[in-house]
Each structure stands twice: as C-alpha cells, then as structure tokens.
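Text of the file upload-v1.cif, holding mmCIF, C-alpha atoms:
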data_protein
loop_
_atom_site.label_atom_id
_atom_site.label_comp_id
_atom_site.auth_asym_id
_atom_site.auth_seq_id
_atom_site.Cartn_x
_atom_site.Cartn_y
_atom_site.Cartn_z
CA MET A 614 -33.47 214.49 68.20
CA ALA A 615 -29.81 215.06 67.71
CA GLU A 616 -30.03 214.30 64.00
CA ILE A 617 -30.90 217.04 61.54
CA LEU A 618 -33.84 216.25 59.30
CA SER A 619 -33.60 217.84 55.88
CA PRO A 620 -36.58 219.95 54.82
CA GLU A 621 -36.68 218.07 51.49
CA VAL A 622 -37.18 214.69 53.16
CA ALA A 623 -39.60 216.15 55.71
CA ARG A 624 -41.80 217.75 53.04
CA ARG A 625 -42.06 214.46 51.11
CA ILE A 626 -43.69 212.69 54.07
CA ARG A 627 -47.43 212.15 53.52
CA VAL A 628 -47.96 209.09 55.73
CA VAL A 629 -46.67 208.36 59.24
CA VAL A 630 -46.90 204.86 60.70
CA LEU A 631 -46.49 204.46 64.44
CA ASP A 632 -45.83 201.13 66.08
CA VAL A 633 -47.89 200.76 69.24
CA ASP A 634 -46.15 198.59 71.84
CA GLY A 635 -42.80 200.15 72.69
CA VAL A 636 -43.47 203.39 70.75
CA LEU A 637 -46.87 204.72 71.79
CA THR A 638 -46.56 202.70 75.01
CA ASP A 639 -43.60 201.74 77.17
CA GLY A 640 -44.03 198.18 75.93
CA GLY A 641 -45.68 196.95 79.11
CA VAL A 642 -48.98 195.10 79.00
CA TYR A 643 -50.97 194.77 82.19
CA MET A 644 -53.24 191.73 82.11
CA GLY A 645 -55.75 190.56 84.62
CA GLU A 646 -59.24 189.27 85.05
CA ALA A 647 -62.38 191.08 86.20
CA ASN A 648 -65.77 189.40 86.44
CA GLY A 649 -64.47 186.43 84.47
CA GLU A 650 -63.27 188.62 81.58
CA ILE A 651 -59.66 189.14 80.53
CA VAL A 652 -58.63 192.77 80.96
CA GLU A 653 -55.67 194.32 79.16
CA LEU A 654 -54.35 197.76 80.11
CA LYS A 655 -51.60 199.86 78.51
CA ARG A 656 -50.13 203.24 79.35
CA PHE A 657 -50.12 205.84 76.56
CA ASP A 658 -48.30 209.16 77.01
CA ILE A 659 -50.64 212.13 76.63
CA LEU A 660 -47.84 214.23 75.08
CA ASP A 661 -47.98 212.02 71.99
CA GLN A 662 -51.66 212.85 71.49
CA LEU A 663 -50.99 216.48 70.58
CA GLY A 664 -48.07 215.49 68.35
CA ILE A 665 -50.41 213.22 66.40
CA LYS A 666 -53.06 215.94 66.20
CA LEU A 667 -50.54 218.44 64.80
CA LEU A 668 -49.35 215.93 62.18
CA ARG A 669 -52.95 215.47 61.11
CA MET A 670 -53.51 219.24 61.04
CA ALA A 671 -50.55 219.39 58.61
CA GLY A 672 -52.40 217.00 56.29
CA ILE A 673 -50.24 213.99 57.13
CA HIS A 674 -52.06 210.66 57.39
CA VAL A 675 -51.23 208.93 60.70
CA SER A 676 -51.85 205.23 61.33
CA PHE A 677 -51.05 202.86 64.16
CA VAL A 678 -49.64 199.46 63.20
CA SER A 679 -49.38 196.63 65.68
CA GLY A 680 -48.34 193.02 65.53
CA ARG A 681 -50.91 192.26 68.26
CA VAL A 682 -54.67 192.40 68.23
CA SER A 683 -55.53 194.51 71.25
CA PRO A 684 -58.70 196.16 72.57
CA ALA A 685 -56.50 198.80 74.24
CA ASN A 686 -54.97 199.70 70.87
CA ARG A 687 -58.41 199.97 69.29
CA ARG A 688 -59.67 202.18 72.09
CA ARG A 689 -56.72 204.58 71.81
CA ALA A 690 -56.97 204.74 68.01
CA GLU A 691 -60.69 205.51 68.28
CA GLU A 692 -60.02 208.30 70.81
CA LEU A 693 -57.50 209.91 68.47
CA ASP A 694 -59.51 209.19 65.29
CA VAL A 695 -56.52 207.36 63.82
CA GLU A 696 -56.56 204.21 61.71
CA LEU A 697 -55.34 201.05 63.43
CA HIS A 698 -53.90 198.14 61.47
CA GLU A 699 -53.29 194.97 63.47
CA GLY A 700 -51.43 191.97 62.15
CA PRO A 701 -51.21 189.04 64.50
CA GLY A 702 -47.76 187.51 64.75
CA GLY A 703 -45.89 190.70 63.92
CA HIS A 704 -46.51 190.60 60.14
CA LYS A 705 -46.75 194.32 59.45
CA LEU A 706 -45.29 194.74 55.96
CA GLU A 707 -48.48 193.76 54.13
CA LEU A 708 -50.54 196.05 56.38
CA VAL A 709 -48.37 199.06 55.57
CA GLN A 710 -48.23 198.26 51.84
CA ALA A 711 -52.05 198.14 51.72
CA LEU A 712 -52.25 201.39 53.71
CA LEU A 713 -49.91 203.15 51.28
CA GLU A 714 -51.96 201.93 48.32
CA ARG A 715 -55.19 203.21 49.91
CA GLN A 716 -53.54 206.58 50.54
CA GLY A 717 -52.18 206.78 46.98
CA ALA A 718 -48.68 207.02 48.45
CA ASP A 719 -45.48 205.01 48.18
CA TRP A 720 -42.56 204.12 50.42
CA SER A 721 -40.72 207.36 49.50
CA GLU A 722 -43.50 209.28 51.30
CA LEU A 723 -43.54 207.18 54.47
CA ALA A 724 -42.09 207.88 57.90
CA CYS A 725 -42.29 205.19 60.54
CA VAL A 726 -41.46 205.29 64.22
CA CYS A 727 -40.54 201.86 65.57
CA ASP A 728 -38.64 199.97 68.25
CA ASP A 729 -38.32 196.23 67.62
CA LEU A 730 -37.48 193.44 65.17
CA ALA A 731 -41.05 193.05 63.89
CA ASP A 732 -40.67 196.54 62.39
CA MET A 733 -37.53 195.87 60.34
CA ALA A 734 -39.23 195.20 56.99
CA ILE A 735 -41.09 198.52 57.22
CA LEU A 736 -38.05 200.47 58.40
CA LYS A 737 -35.89 199.21 55.54
CA ARG A 738 -38.38 200.52 52.96
CA ALA A 739 -39.48 203.81 54.53
CA ALA A 740 -38.12 207.16 53.40
CA LEU A 741 -37.78 208.20 57.05
CA PRO A 742 -37.14 205.30 59.44
CA VAL A 743 -37.10 206.51 63.06
CA ALA A 744 -36.09 204.59 66.18
CA VAL A 745 -37.23 205.51 69.67
CA SER A 746 -34.45 205.68 72.25
CA ASN A 747 -35.39 202.29 73.72
CA ALA A 748 -35.25 200.53 70.33
CA VAL A 749 -33.26 197.34 69.89
CA PRO A 750 -29.80 197.73 68.26
CA GLU A 751 -30.98 196.25 64.95
CA VAL A 752 -33.63 198.98 64.62
CA ASP A 753 -31.10 201.66 65.56
CA ALA A 754 -28.81 200.40 62.80
CA VAL A 755 -31.51 200.86 60.13
CA ALA A 756 -33.00 204.13 61.41
CA VAL A 757 -31.80 207.47 60.10
CA MET A 758 -33.18 209.28 63.15
CA ARG A 759 -33.42 208.40 66.82
CA THR A 760 -35.57 210.10 69.44
CA GLN A 761 -34.10 211.15 72.76
CA ARG A 762 -37.32 210.12 74.51
CA SER A 763 -38.28 206.49 74.89
CA GLY A 764 -41.48 204.88 73.68
CA GLY A 765 -44.46 205.62 75.88
CA HIS A 766 -42.70 208.72 77.22
CA GLY A 767 -43.25 211.36 74.55
CA ALA A 768 -41.15 209.94 71.71
CA VAL A 769 -43.96 210.41 69.18
CA ARG A 770 -44.43 214.04 70.24
CA GLU A 771 -40.69 214.62 69.85
CA PHE A 772 -40.74 213.06 66.39
CA SER A 773 -43.80 215.08 65.37
CA GLU A 774 -42.25 218.36 66.40
CA THR A 775 -38.97 217.52 64.65
CA LEU A 776 -40.77 216.63 61.40
CA LEU A 777 -43.04 219.67 61.47
CA ARG A 778 -40.20 222.06 62.31
CA ALA A 779 -38.17 220.66 59.40
CA ARG A 780 -41.16 221.28 57.13
CA GLY A 781 -41.36 224.85 58.43
CA GLU A 782 -44.92 224.28 59.71
CA TRP A 783 -44.52 223.99 63.49
CA ASN A 784 -45.12 227.62 64.50
CA THR A 785 -48.16 228.03 62.23
CA LEU A 786 -49.72 224.78 63.45
CA VAL A 787 -49.17 225.70 67.10
CA ALA A 788 -50.78 229.11 66.46
CA ASP A 789 -53.72 227.42 64.70
CA TYR A 790 -54.07 224.99 67.59
CA HIS A 791 -54.21 227.88 70.09
CA ARG A 792 -56.75 229.79 67.99
CA GLU A 793 -58.95 226.66 67.95
CA ARG A 794 -59.04 226.74 71.73
CA ASP A 795 -59.25 230.51 72.17
CA PRO A 796 -60.97 232.06 69.13
CA GLY A 797 -60.89 235.53 70.70
CA ALA A 798 -57.11 235.55 71.19
CA ALA A 799 -54.97 237.67 68.91
#
What does this structure look like when you write it as structure tokens?
Amino acid sequence: MAEILSPEVARRIRVVVLDVDGVLTDGGVYMGEANGEIVELKRFDILDQLGIKLLRMAGIHVSFVSGRVSPANRRRAEELDVELHEGPGGHKLELVQALLERQGADWSELACVCDDLADMAILKRAALPVAVSNAVPEVDAVAVMRTQRSGGHGAVREFSETLLRARGEWNTLVADYHRERDPGAA
C-alpha cells in the first residue's frame, strides 16, 4: 500500500470486516448444476488465509460480511474459523452495527476492506476504510487506504501486513507463527 498508516489509527483497530465478493474473491461466481443440485464455486486466494490468521493472532476480531447468501462463503468462513454475516440484497450496515455491539466495539475501532457500492455505508463510518485496487471509483473516493493487489489476489494479506506492521506487531507475529510450526527452532 502506498499510503502510510499511522500507528495510532492502526492500534485502535479491534475489529476487521472483510467483504467477500470482490475482496476475498475476484468477484466471479461460477454456477452450474450437478445431479440436479445448483452448485456455486468461488476462488479464494490462499495468501489471504495467513493474513487473516495473523490478524486473529494479534487479538483482532475478523468477520466476513456479504450481501449474498452463499454456501461457498459459509464453507470458507468455517475453514478459517471466522464469523460470516450475510445480508441478502446488499444491506450490510445493520449486520456490522450488530457485530460491533456484540464485540463491545464502535466504529472508531473498525477497519473494513471493500470494493463496491453496497459497502459505502460501512466505509463512511469506519475508522479505517480500505479499498482493494479493483474497487469502484466511489469506494476509492471514501477509502483512506488502497491496496496494490486486487480482490481475490492477495489484497487481504497485503492489508493485514500493512496494519500489523503499523502496529509494530508484524515481526513478532511472524516469529510466533514459525514457532507454532517448528517448536524446536530457535
């Protein structure tokens, strides 16, 4: 990210909301039919998975918010042990407000990574509104940060690293992550 994130803003963030279609995915939805059942497939970038894990290791609550009800979204959220909030018709504001209340947080502690018009109400209220590089111009205009990577291609990982570096936690979290996988390493 070309923008510099202040440590003060970064340290205030307690909740991160990630849009799904166009942020965690490239926005494409593959639909078909198998054995008489509708099948929906989406592509998620594996780089984002570790970014989400490191945010959670830092004690930041991460949630997915989608304007579509989708079995693929549910499956990915379950794999990552992340909350999923789905609001048919793109009505996400109420979902995020309820999430913040459950977390005992407010808008000044929220970062959101988004790409499209359905996200505008959230972006306008968040302390740290972030647009992925493939976001529509209206989202870019509201965002205070913009990823270099596009949605579905590591944008969430890029955001995560930027936030955690600004907080001064990146190196420690990476070391902790490595120790988890190789307890005998120095």
> Can you tell me how far CA of Asp728 in chain A sits from CA of Ala744 in chain A, in Å to one decimal?
Replying inline: 5.7 Å
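What the PyMOL selection byres ((chain A and resi 739) around 6) matches in the given file is Trp720, Leu723, Ala724, Leu736, Lys737, Arg738, Ala740, Leu741 and Pro742 of chain A.
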> Quick one, how far is CA of Asp632 in chain A from CA of Leu660 in chain A?
Replying inline: 16.0 Å
>> Applying 10 Å and only C-alpha atoms, which residues near Glu699 in chain A remain after dropping the ones on its own chain fewer than 6 positions away? List them as a ChimeraX atom specification.
In response: /A:633,677-683,686-687,705,708
Would you write out those residues with C-alpha atoms, as a CSV table (one decimal), keeping the file's coordinate frame?
chain,number,residue,atom,x,y,z
A,633,VAL,CA,-47.9,200.8,69.2
A,677,PHE,CA,-51.0,202.9,64.2
A,678,VAL,CA,-49.6,199.5,63.2
A,679,SER,CA,-49.4,196.6,65.7
A,680,GLY,CA,-48.3,193.0,65.5
A,681,ARG,CA,-50.9,192.3,68.3
A,682,VAL,CA,-54.7,192.4,68.2
A,683,SER,CA,-55.5,194.5,71.2
A,686,ASN,CA,-55.0,199.7,70.9
A,687,ARG,CA,-58.4,200.0,69.3
A,705,LYS,CA,-46.8,194.3,59.4
A,708,LEU,CA,-50.5,196.0,56.4
> CA of Asn747 in chain A to CA of Arg780 in chain A: how many Å, to one decimal?
Replying inline: 25.9 Å
>> Can you spell out as number ranges by chain the set of residues that the PyMOL selection byres ((chain A and resi 751-760) around 10) selects in the structure I just provided?
In response: A: 614-618, 725-733, 736-750, 761-764, 767-772, 775
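Closest approach to Ile673 in chain A among A:Arg778, A:Arg792, A:Arg715, A:Arg624: A:Arg624, based on all atoms listed in the file.
Closest to Gly703 in chain A among A:Asp634, A:Glu621, A:Asp658, A:Asp719 is A:Asp634, based on all atoms listed in the file.
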>> I need every residue sitting at most 10 Å from the point (-52.5, 208.0, 65.1) (coordinates as in the file, all atoms listed in the file considered), written as JSON, numbers by chain.
In response: {"A": [629, 630, 631, 632, 633, 637, 661, 662, 664, 665, 666, 668, 669, 674, 675, 676, 677, 678, 689, 690, 691, 692, 693, 694, 695, 696, 697, 769]}
